[in-house]
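Note: the block below is my_file_27.cif and it holds mmCIF, C-alpha atoms.
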data_my_file
#
loop_
_atom_site.label_atom_id
_atom_site.label_comp_id
_atom_site.auth_asym_id
_atom_site.auth_seq_id
_atom_site.Cartn_x
_atom_site.Cartn_y
_atom_site.Cartn_z
CA MET J 1 194.46 5.31 -93.94
CA SER J 2 197.12 5.46 -91.28
CA GLY J 3 198.22 7.49 -88.30
CA ARG J 4 195.74 9.79 -86.60
CA ASP J 5 192.19 9.04 -87.67
CA PRO J 6 191.02 12.21 -89.42
CA PHE J 7 187.36 11.30 -89.20
CA CYS J 8 187.15 10.38 -85.55
CA ARG J 9 185.71 13.14 -83.44
CA PRO J 10 188.08 14.42 -80.75
CA ARG J 11 187.06 13.97 -77.12
CA ARG J 12 186.57 17.73 -76.90
CA ILE J 13 185.60 19.87 -79.85
CA ARG J 14 188.35 22.27 -80.69
CA ARG J 15 187.72 25.76 -81.96
CA GLY J 16 188.05 24.58 -85.54
CA ALA J 17 185.14 22.14 -85.06
CA ALA J 18 185.06 18.69 -86.58
CA LEU J 19 183.25 17.05 -89.41
CA THR J 20 180.67 14.35 -89.02
CA LEU J 21 179.01 12.02 -91.46
CA VAL J 22 175.85 11.48 -89.51
CA PHE J 23 174.84 8.19 -88.34
CA THR J 24 171.17 9.02 -87.84
CA SER J 25 168.51 9.19 -85.28
CA VAL J 26 168.44 5.55 -84.74
CA LEU J 27 172.05 5.51 -83.81
CA VAL J 28 172.02 7.99 -81.00
CA ALA J 29 168.91 6.49 -79.57
CA GLY J 30 170.42 3.06 -79.31
CA ALA J 31 173.62 4.35 -77.83
CA ALA J 32 171.64 6.28 -75.38
CA THR J 33 169.01 3.79 -74.50
CA GLY J 34 171.42 1.11 -73.91
CA ALA J 35 171.80 -1.05 -76.90
CA LEU J 36 174.05 0.39 -79.38
CA PRO J 37 173.69 3.55 -81.19
CA GLN J 38 170.44 3.71 -82.88
CA GLY J 39 169.21 7.12 -82.92
CA GLU J 40 169.57 10.32 -84.67
CA GLY J 41 173.27 10.38 -84.49
CA LYS J 42 176.59 10.97 -86.19
CA SER J 43 179.62 9.31 -87.51
CA ALA J 44 182.72 10.66 -89.28
CA ARG J 45 184.89 13.52 -88.13
CA ASP J 46 187.46 15.73 -89.76
CA GLU J 47 189.11 18.99 -88.84
CA ALA J 48 187.17 21.85 -90.37
CA ARG J 49 189.36 24.49 -91.89
CA SER J 50 187.04 27.39 -91.18
CA ALA J 51 187.90 29.42 -88.10
CA GLY J 52 184.28 29.56 -86.98
CA PRO J 53 180.73 28.40 -87.81
CA ALA J 54 179.26 29.36 -91.16
CA GLY J 55 175.73 29.53 -92.59
CA HIS J 56 173.05 28.44 -90.17
CA HIS J 57 175.74 27.47 -87.65
CA ALA J 58 176.12 31.22 -87.15
CA ASP J 59 172.34 31.68 -86.89
CA VAL J 60 172.09 28.99 -84.21
CA ALA J 61 175.04 30.41 -82.29
CA ARG J 62 173.51 33.88 -82.45
CA ALA J 63 170.19 32.60 -81.12
CA ALA J 64 171.96 30.95 -78.18
CA GLU J 65 173.97 34.09 -77.42
CA GLU J 66 170.87 36.30 -77.46
CA ALA J 67 169.02 33.89 -75.18
CA MET J 68 171.91 33.94 -72.69
CA ALA J 69 171.94 37.74 -72.74
CA ASP J 70 168.21 37.76 -71.96
CA GLY J 71 168.58 35.23 -69.15
CA LYS J 72 166.83 32.49 -71.15
CA SER J 73 167.85 28.93 -72.04
CA PRO J 74 170.48 28.96 -74.81
CA ILE J 75 169.87 25.27 -75.57
CA GLN J 76 166.15 25.79 -76.12
CA ALA J 77 166.85 28.85 -78.28
CA ALA J 78 169.36 26.87 -80.33
CA LYS J 79 166.89 24.01 -80.79
CA ARG J 80 164.24 26.43 -82.03
CA ALA J 81 166.74 27.91 -84.49
CA VAL J 82 167.62 24.43 -85.79
CA SER J 83 163.92 23.60 -86.17
CA ARG J 84 163.31 26.80 -88.15
CA SER J 85 166.27 26.02 -90.42
CA GLY J 86 164.51 22.92 -91.80
CA ASP J 87 167.63 20.81 -91.21
CA ARG J 88 166.18 17.31 -90.83
CA TRP J 89 169.32 15.94 -89.22
CA GLY J 90 170.36 19.01 -87.25
CA ALA J 91 170.48 18.59 -83.48
CA VAL J 92 171.59 20.35 -80.31
CA TYR J 93 173.22 18.45 -77.43
CA SER J 94 174.09 19.46 -73.91
CA ARG J 95 177.74 19.05 -72.95
CA GLY J 96 176.93 15.85 -71.05
CA GLU J 97 174.83 14.36 -73.86
CA TYR J 98 177.59 14.96 -76.36
CA GLU J 99 180.29 13.43 -74.19
CA GLU J 100 178.15 10.34 -73.52
CA PHE J 101 177.47 10.00 -77.21
CA GLU J 102 181.20 10.01 -77.90
CA GLU J 103 181.67 7.34 -75.25
CA SER J 104 179.13 5.13 -77.02
CA LEU J 105 181.32 5.24 -80.13
CA ASP J 106 184.15 3.90 -78.00
CA GLY J 107 182.04 0.80 -77.37
CA GLN J 108 180.71 1.56 -73.87
CA TYR J 109 177.46 3.23 -72.87
CA THR J 110 174.87 3.42 -70.13
CA GLY J 111 171.31 2.49 -71.08
CA VAL J 112 168.60 -0.13 -71.17
CA GLY J 113 169.39 -1.98 -74.41
CA LEU J 114 167.01 -0.54 -76.99
CA TRP J 115 167.48 0.46 -80.58
CA ALA J 116 164.82 2.98 -81.59
CA ARG J 117 163.89 5.33 -84.39
CA SER J 118 161.44 8.11 -85.11
CA GLU J 119 158.62 7.17 -87.47
CA ARG J 120 157.33 9.66 -90.01
CA ASP J 121 154.26 10.31 -87.84
CA GLY J 122 156.53 11.28 -84.94
CA ARG J 123 156.11 8.12 -82.88
CA ILE J 124 159.20 6.40 -81.46
CA GLU J 125 159.44 2.73 -82.43
CA VAL J 126 161.73 0.10 -80.91
CA THR J 127 163.67 -1.51 -83.76
CA LYS J 128 165.91 -3.91 -81.84
CA VAL J 129 166.50 -5.15 -78.29
CA ARG J 130 169.91 -6.23 -77.05
CA ALA J 131 169.99 -9.80 -75.72
CA GLY J 132 170.51 -9.90 -71.95
CA SER J 133 169.84 -6.18 -71.53
CA PRO J 134 167.36 -4.64 -69.06
CA ALA J 135 164.93 -4.09 -71.94
CA ALA J 136 165.17 -7.73 -73.04
CA THR J 137 164.65 -8.96 -69.47
CA ALA J 138 161.50 -6.82 -69.28
CA GLY J 139 160.12 -8.46 -72.45
CA ILE J 140 160.25 -5.39 -74.69
CA ARG J 141 160.23 -6.34 -78.39
CA PRO J 142 161.03 -4.77 -81.76
CA GLY J 143 157.93 -3.02 -83.06
CA ASP J 144 156.83 -1.82 -79.62
CA LEU J 145 156.15 1.92 -79.42
CA LEU J 146 157.87 3.99 -76.76
CA ARG J 147 155.18 6.49 -75.70
CA SER J 148 156.77 8.07 -72.62
CA VAL J 149 159.91 8.17 -70.48
CA ASP J 150 159.49 8.99 -66.77
CA GLY J 151 156.12 10.52 -67.59
CA GLU J 152 157.43 12.68 -70.45
CA LYS J 153 155.56 11.99 -73.70
CA THR J 154 157.84 11.03 -76.59
CA ASP J 155 155.54 11.54 -79.60
CA GLY J 156 156.81 14.33 -81.83
CA ARG J 157 160.09 14.74 -79.96
CA PRO J 158 163.43 14.46 -81.74
CA VAL J 159 165.07 11.14 -81.03
CA THR J 160 167.95 13.04 -79.44
CA GLU J 161 165.63 14.35 -76.73
CA VAL J 162 164.14 10.91 -76.13
CA VAL J 163 167.65 9.55 -75.83
CA SER J 164 168.48 12.19 -73.24
CA LEU J 165 165.45 11.17 -71.17
CA LEU J 166 166.34 7.48 -71.41
CA ARG J 167 169.91 8.07 -70.31
CA GLY J 168 168.95 10.47 -67.54
CA ASP J 169 171.32 13.13 -68.85
CA ALA J 170 169.61 15.92 -66.93
CA THR J 171 170.66 14.31 -63.65
CA ASP J 172 173.79 12.47 -64.91
CA ALA J 173 172.03 9.23 -63.96
CA PRO J 174 174.53 6.37 -63.53
CA ALA J 175 174.05 2.64 -64.11
CA GLY J 176 171.58 1.24 -61.59
CA THR J 177 169.18 4.18 -61.65
CA ALA J 178 165.54 3.55 -62.54
CA VAL J 179 163.72 4.75 -65.65
CA ARG J 180 159.99 4.29 -66.25
CA LEU J 181 158.90 3.57 -69.84
CA GLY J 182 155.39 3.87 -71.24
CA LEU J 183 154.96 1.28 -74.00
CA GLU J 184 152.38 0.21 -76.57
CA ARG J 185 152.02 -3.01 -78.52
CA GLY J 186 148.93 -3.28 -80.70
CA THR J 187 145.97 -2.56 -78.41
CA ARG J 188 147.99 -3.09 -75.23
CA THR J 189 149.56 -0.22 -73.28
CA TRP J 190 151.67 -0.71 -70.17
CA THR J 191 154.47 0.71 -68.04
CA GLU J 192 157.84 -0.89 -67.29
CA THR J 193 160.40 0.32 -64.77
CA LEU J 194 163.93 -0.64 -65.81
CA ARG J 195 167.33 -0.05 -64.28
CA ARG J 196 170.00 1.41 -66.50
CA ALA J 197 173.12 -0.72 -67.00
CA GLN J 198 176.66 -0.26 -68.28
CA LEU J 199 176.72 -2.07 -71.61
CA SER J 200 179.29 -2.83 -74.29
CA THR J 201 178.54 -2.80 -77.96
CA ASP J 202 179.83 -6.14 -79.31
CA SER J 203 179.32 -4.57 -82.70
CA VAL J 204 180.85 -7.40 -84.79
CA THR J 205 179.85 -11.06 -84.49
CA VAL J 206 180.92 -13.98 -86.70
CA ARG J 207 179.31 -17.37 -87.28
CA GLU J 208 179.67 -20.19 -89.76
CA LEU J 209 176.80 -21.62 -91.81
CA ALA J 210 176.62 -24.76 -93.89
CA ASP J 211 178.37 -24.89 -97.25
CA ARG J 212 181.39 -22.98 -95.92
CA VAL J 213 179.59 -19.66 -95.59
CA THR J 214 180.90 -17.14 -93.05
CA VAL J 215 178.41 -14.55 -91.77
CA ILE J 216 179.98 -11.33 -90.46
CA LYS J 217 177.31 -9.27 -88.70
CA VAL J 218 178.12 -5.60 -88.03
CA ALA J 219 175.58 -3.97 -85.71
CA THR J 220 177.18 -0.53 -85.87
CA PHE J 221 180.55 1.01 -86.68
CA THR J 222 182.17 1.75 -83.33
CA LYS J 223 185.86 2.11 -82.63
CA GLY J 224 187.74 -1.01 -83.74
CA SER J 225 184.87 -2.61 -85.66
CA GLY J 226 186.56 -2.16 -89.05
CA ARG J 227 189.63 -4.01 -87.79
CA GLN J 228 187.37 -6.78 -86.46
CA VAL J 229 185.79 -7.20 -89.90
CA ARG J 230 189.19 -7.47 -91.55
CA GLU J 231 190.32 -10.04 -88.98
CA ALA J 232 187.11 -12.07 -89.48
CA VAL J 233 187.79 -12.18 -93.23
CA ARG J 234 191.37 -13.32 -92.68
CA GLN J 235 190.28 -16.08 -90.29
CA SER J 236 187.42 -17.43 -92.39
CA PRO J 237 188.06 -20.80 -94.10
CA PRO J 238 189.96 -20.57 -97.39
CA GLY J 239 187.58 -20.13 -100.31
CA ALA J 240 184.59 -19.61 -98.03
CA GLY J 241 181.86 -17.28 -99.24
CA ILE J 242 181.10 -14.32 -96.96
CA VAL J 243 177.83 -12.68 -96.02
CA LEU J 244 178.41 -9.17 -94.71
CA ASP J 245 175.22 -8.64 -92.70
CA LEU J 246 174.49 -4.91 -92.37
CA ARG J 247 170.79 -5.24 -91.59
CA GLY J 248 169.74 -2.84 -88.84
CA ASN J 249 173.16 -1.16 -88.88
CA SER J 250 172.41 2.48 -88.14
CA GLY J 251 175.87 3.76 -89.05
CA GLY J 252 178.68 4.94 -86.81
CA LEU J 253 182.23 6.04 -87.43
CA VAL J 254 182.82 6.44 -91.15
CA THR J 255 186.51 5.64 -90.80
CA GLU J 256 185.56 2.25 -89.41
CA ALA J 257 183.26 1.63 -92.38
CA VAL J 258 186.12 2.54 -94.71
CA THR J 259 188.42 0.12 -92.84
CA ALA J 260 185.77 -2.58 -93.21
CA ALA J 261 185.55 -1.83 -96.94
CA SER J 262 189.33 -2.29 -97.08
CA ALA J 263 188.81 -5.93 -96.09
CA PHE J 264 187.21 -6.54 -99.51
CA LEU J 265 188.86 -3.97 -101.78
CA ASP J 266 192.43 -3.51 -102.96
CA GLY J 267 192.53 0.24 -102.47
CA GLY J 268 190.49 2.66 -104.54
CA LEU J 269 187.51 4.91 -103.95
CA VAL J 270 184.95 4.16 -101.25
CA ALA J 271 182.93 7.40 -101.35
CA THR J 272 183.08 11.11 -102.06
CA TYR J 273 181.49 13.84 -100.00
CA ASP J 274 181.24 17.60 -99.93
CA VAL J 275 181.55 20.10 -97.10
CA GLU J 276 179.89 23.39 -98.02
CA GLY J 277 180.79 22.78 -101.66
CA GLU J 278 184.35 21.51 -101.18
CA GLN J 279 184.74 17.99 -102.58
CA ARG J 280 186.64 15.29 -100.66
CA ALA J 281 187.13 11.55 -101.02
CA LEU J 282 187.52 8.42 -98.91
CA HIS J 283 189.78 5.59 -100.12
CA ALA J 284 190.23 1.97 -99.06
CA GLU J 285 193.60 0.64 -98.00
CA SER J 286 195.30 -1.79 -100.36
CA GLY J 287 195.58 -5.51 -99.75
CA GLY J 288 191.96 -6.51 -99.20
CA ASP J 289 190.58 -9.92 -100.23
CA THR J 290 189.09 -9.41 -103.68
CA THR J 291 188.54 -13.07 -104.56
CA ARG J 292 186.08 -14.53 -102.05
CA PRO J 293 182.41 -14.49 -103.12
CA LEU J 294 180.69 -11.70 -101.15
CA VAL J 295 177.06 -10.82 -100.46
CA ALA J 296 176.08 -7.67 -98.56
CA LEU J 297 172.80 -8.11 -96.68
CA VAL J 298 170.77 -4.90 -96.09
CA ASP J 299 167.33 -3.68 -95.08
CA GLY J 300 165.45 -0.48 -94.21
CA GLY J 301 167.47 -0.19 -91.01
CA THR J 302 170.79 -0.01 -92.90
CA MET J 303 171.87 3.62 -92.63
CA SER J 304 174.60 6.18 -93.12
CA ALA J 305 178.11 4.67 -92.79
CA ALA J 306 176.62 1.22 -93.48
CA GLU J 307 175.07 2.57 -96.69
CA LEU J 308 178.43 4.09 -97.62
CA LEU J 309 180.06 0.65 -97.34
CA THR J 310 177.20 -1.02 -99.23
CA GLY J 311 177.40 1.48 -102.06
CA ALA J 312 181.16 1.00 -102.36
CA VAL J 313 181.12 -2.79 -102.73
CA GLN J 314 178.08 -2.64 -105.03
CA ASP J 315 179.38 0.09 -107.35
CA ARG J 316 182.79 -1.52 -107.63
CA GLY J 317 181.35 -4.92 -108.51
CA ARG J 318 182.78 -6.52 -105.40
CA ALA J 319 179.52 -7.78 -103.89
CA LEU J 320 175.94 -8.58 -104.75
CA VAL J 321 173.57 -6.72 -102.45
CA VAL J 322 170.60 -8.72 -101.15
CA GLY J 323 167.62 -7.62 -99.05
CA SER J 324 165.44 -4.50 -99.13
CA ARG J 325 166.06 -0.83 -99.90
CA THR J 326 168.25 0.90 -97.31
CA PHE J 327 167.16 3.87 -95.20
CA GLY J 328 168.69 6.73 -97.18
CA LYS J 329 170.87 8.68 -94.74
CA GLY J 330 173.80 10.29 -96.46
CA SER J 331 174.35 13.75 -95.04
CA VAL J 332 177.42 15.33 -93.50
CA GLN J 333 177.11 17.23 -90.22
CA MET J 334 179.54 19.67 -88.65
CA PRO J 335 179.48 20.25 -84.88
CA SER J 336 180.21 23.62 -83.29
CA ARG J 337 180.39 24.62 -79.64
CA LEU J 338 177.73 27.07 -78.43
CA PRO J 339 178.38 29.77 -75.80
CA ASP J 340 177.06 27.66 -72.89
CA GLY J 341 179.18 24.63 -73.82
CA SER J 342 176.43 22.75 -75.63
CA VAL J 343 176.96 21.51 -79.19
CA ALA J 344 175.02 22.13 -82.40
CA GLU J 345 175.45 19.67 -85.26
CA LEU J 346 174.11 20.92 -88.57
CA THR J 347 174.10 19.55 -92.11
CA VAL J 348 176.81 20.95 -94.38
CA GLY J 349 176.91 18.43 -97.25
CA HIS J 350 176.25 14.92 -98.58
CA TYR J 351 178.20 11.86 -99.64
CA ARG J 352 178.04 9.84 -102.84
CA THR J 353 178.97 6.31 -103.83
CA PRO J 354 181.94 5.68 -106.17
CA SER J 355 179.69 5.93 -109.24
CA GLY J 356 178.32 9.27 -108.06
CA ARG J 357 174.98 8.09 -106.67
CA GLY J 358 173.45 10.19 -103.93
CA VAL J 359 172.10 8.16 -101.01
CA ASP J 360 170.32 10.76 -98.88
CA GLY J 361 166.55 10.34 -99.15
CA ARG J 362 166.95 7.56 -101.72
CA GLY J 363 168.75 4.67 -100.10
CA ILE J 364 170.41 1.86 -102.00
CA THR J 365 168.40 -0.62 -104.03
CA PRO J 366 169.61 -4.25 -103.66
CA ASP J 367 170.62 -6.29 -106.68
CA LEU J 368 168.25 -8.96 -105.37
CA GLU J 369 165.24 -7.74 -103.36
CA THR J 370 163.89 -10.17 -100.79
CA GLY J 371 162.30 -10.16 -97.34
CA GLU J 372 162.48 -12.41 -94.31
CA ASP J 373 164.33 -15.15 -96.18
CA ALA J 374 167.18 -12.77 -96.99
CA LEU J 375 169.90 -14.79 -95.28
CA GLN J 376 168.77 -17.99 -97.00
CA ARG J 377 168.71 -16.22 -100.35
CA ALA J 378 172.17 -14.80 -99.66
CA GLY J 379 173.47 -18.34 -99.14
CA THR J 380 171.94 -19.43 -102.44
CA VAL J 381 173.56 -16.49 -104.22
CA LEU J 382 176.94 -17.32 -102.69
CA ARG J 383 176.75 -20.92 -103.88
CA GLY J 384 176.02 -19.63 -107.36
CA LEU J 385 178.95 -17.20 -107.24
CA ALA J 386 181.26 -19.99 -106.12
CA SER J 387 180.17 -22.35 -108.91
CA PRO J 388 182.42 -22.64 -111.94
CA SER J 389 181.14 -20.67 -114.91
#
As structure tokens, what does this structure read like?
Amino acid sequence: MSGRDPFCRPRRIRRGAALTLVFTSVLVAGAATGALPQGEGKSARDEARSAGPAGHHADVARAAEEAMADGKSPIQAAKRAVSRSGDRWGAVYSRGEYEEFEESLDGQYTGVGLWARSERDGRIEVTKVRAGSPAATAGIRPGDLLRSVDGEKTDGRPVTEVVSLLRGDATDAPAGTAVRLGLERGTRTWTETLRRAQLSTDSVTVRELADRVTVIKVATFTKGSGRQVREAVRQSPPGAGIVLDLRGNSGGLVTEAVTAASAFLDGGLVATYDVEGEQRALHAESGGDTTRPLVALVDGGTMSAAELLTGAVQDRGRALVVGSRTFGKGSVQMPSRLPDGSVAELTVGHYRTPSGRGVDGRGITPDLETGEDALQRAGTVLRGLASPS
């Protein structure tokens, strides 16, 4: 793919809207709380050909317009319309929330350094804490439950709303402002007051293990992360096996995932997707390294764009996938501007792997299922792949 990135959302939504391959709740929450996108977020963008919103986009827009005419909150009316639609991944953002979300995809965000997700019972669970962040300094750990933000209960709220509270969107809270979190760990409940900070994503990290194994960890697909993966592959020792660690990767920009796939594929199909019935496809660039032994490491926190990449290298026989079943987030969202300047993002389709597998609600099953020893098992697999047959 070259030239203007057709899947990267523009800084301002134009009248034609733009297409998004959601990155999930966990993504937005992380971007908003301060550690990278982990919330109920988005990911790919494309110009929509329709002149205006269709389907339940129109219903949501109508609800907002009627609320404005009656002197009521158009955002609240839009949120109720989304809730009634049954769209699991649909969301409504204020103008400020949406702009801050876009900034997080550029690799910068204001927050406290938490990744979080909504459990099926409605509770908000911390899934990861950024090293050196305000949350890490306060001793918050993965598995802790976030029960309130500045006195507002979080149970049952969409992750997008929790994210807004954490970021202080209602008051445009800058770095340095305080936020009070109610937390729970087992039988213990307590309150921590943190100060928001300006954080960068550092979404790709590389390290070398024994036996000439290079581990490329991708935390999320932000702007430039695909190029970083390709560079890490080029700089790894000749003949070295590679572990592409996508555990806990909540998604991000689909174009960046496609660029990352191009590091391991010599062109060809990465995924297909549909937008209101119209079929489209994503292809890798040519020239990727197709010879190095490759293992993709995944878990239940591997979502959306990260699942797209996993499915591509698995279906095309390029990698063995090791770990546990992925999350199962494979829906396409389209954003549209509402009358008050807020944004509704609603599901319009789904993506599939090169072999035609649907991911949404199913996830991807690893070739080798394993738990906490996943990285060790990946190294064993790589040694076997490198051995002469």
Would you translate the PyMOL selection byres ((chain J and resi 198) around 8) into the concrete set of residues it matches in this file, as a tab-separated table (two decimals) with C-alpha atoms, keeping the file's coordinate frame?
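Here's the written file result_29.tsv:
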chain	number	residue	atom	x	y	z
J	34	GLY	CA	171.42	1.11	-73.91
J	108	GLN	CA	180.71	1.56	-73.87
J	109	TYR	CA	177.46	3.23	-72.87
J	110	THR	CA	174.87	3.42	-70.13
J	111	GLY	CA	171.31	2.49	-71.08
J	175	ALA	CA	174.05	2.64	-64.11
J	196	ARG	CA	170.00	1.41	-66.50
J	197	ALA	CA	173.12	-0.72	-67.00
J	199	LEU	CA	176.72	-2.07	-71.61
J	200	SER	CA	179.29	-2.83	-74.29
Taking all atoms listed in the file into account, produce a table as a tab-separated table in which each residue of range 208-253 of chain J with an atom at most 10 Å from an atom of range 315-326 of chain J appears once, together with its shortest atom pair and the distance in Å to one decimal, ordered by chain and rising number.
residue	atom	partner	partner_atom	distance
J:Ile242	CA	J:Ala319	CA	9.7
J:Val243	CA	J:Ala319	CA	9.4
J:Leu244	CA	J:Ala319	CA	9.4
J:Asp245	CA	J:Val322	CA	9.6
J:Leu246	CA	J:Thr326	CA	9.9
J:Arg247	CA	J:Gly323	CA	8.4
J:Gly248	CA	J:Thr326	CA	9.4
J:Asn249	CA	J:Thr326	CA	10.0
Apply the PyMOL selection byres ((chain J and resi 348) around 8) to the structure shown and report the selected residues as a PDB file with C-alpha atoms, in the frame of the given file.
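The resulting expr-v6.pdb:
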ATOM      1  CA  ASP J 274     181.240  17.600 -99.930  1.00  0.00           C
ATOM      2  CA  VAL J 275     181.550  20.100 -97.100  1.00  0.00           C
ATOM      3  CA  GLU J 276     179.890  23.390 -98.020  1.00  0.00           C
ATOM      4  CA  SER J 331     174.350  13.750 -95.040  1.00  0.00           C
ATOM      5  CA  VAL J 332     177.420  15.330 -93.500  1.00  0.00           C
ATOM      6  CA  GLN J 333     177.110  17.230 -90.220  1.00  0.00           C
ATOM      7  CA  MET J 334     179.540  19.670 -88.650  1.00  0.00           C
ATOM      8  CA  LEU J 346     174.110  20.920 -88.570  1.00  0.00           C
ATOM      9  CA  THR J 347     174.100  19.550 -92.110  1.00  0.00           C
ATOM     10  CA  GLY J 349     176.910  18.430 -97.250  1.00  0.00           C
ATOM     11  CA  HIS J 350     176.250  14.920 -98.580  1.00  0.00           C
TER      12      HIS J 350
END
Place a sphere of radius 12 Å on (175.5, 7.0, -107.9) in the file coordinates and name every protein, DNA or RNA residue with an atom inside or on its surface, counting only C-alpha atoms; give the answer as a PyMOL selection string. chain J and resi 270-272+308+310-312+314-316+351-360+362-365
Taking only C-alpha atoms into account, which of J:Gly182, J:Gly361, J:Gly287, J:Pro74 comes nearest Arg62 in chain J? J:Pro74
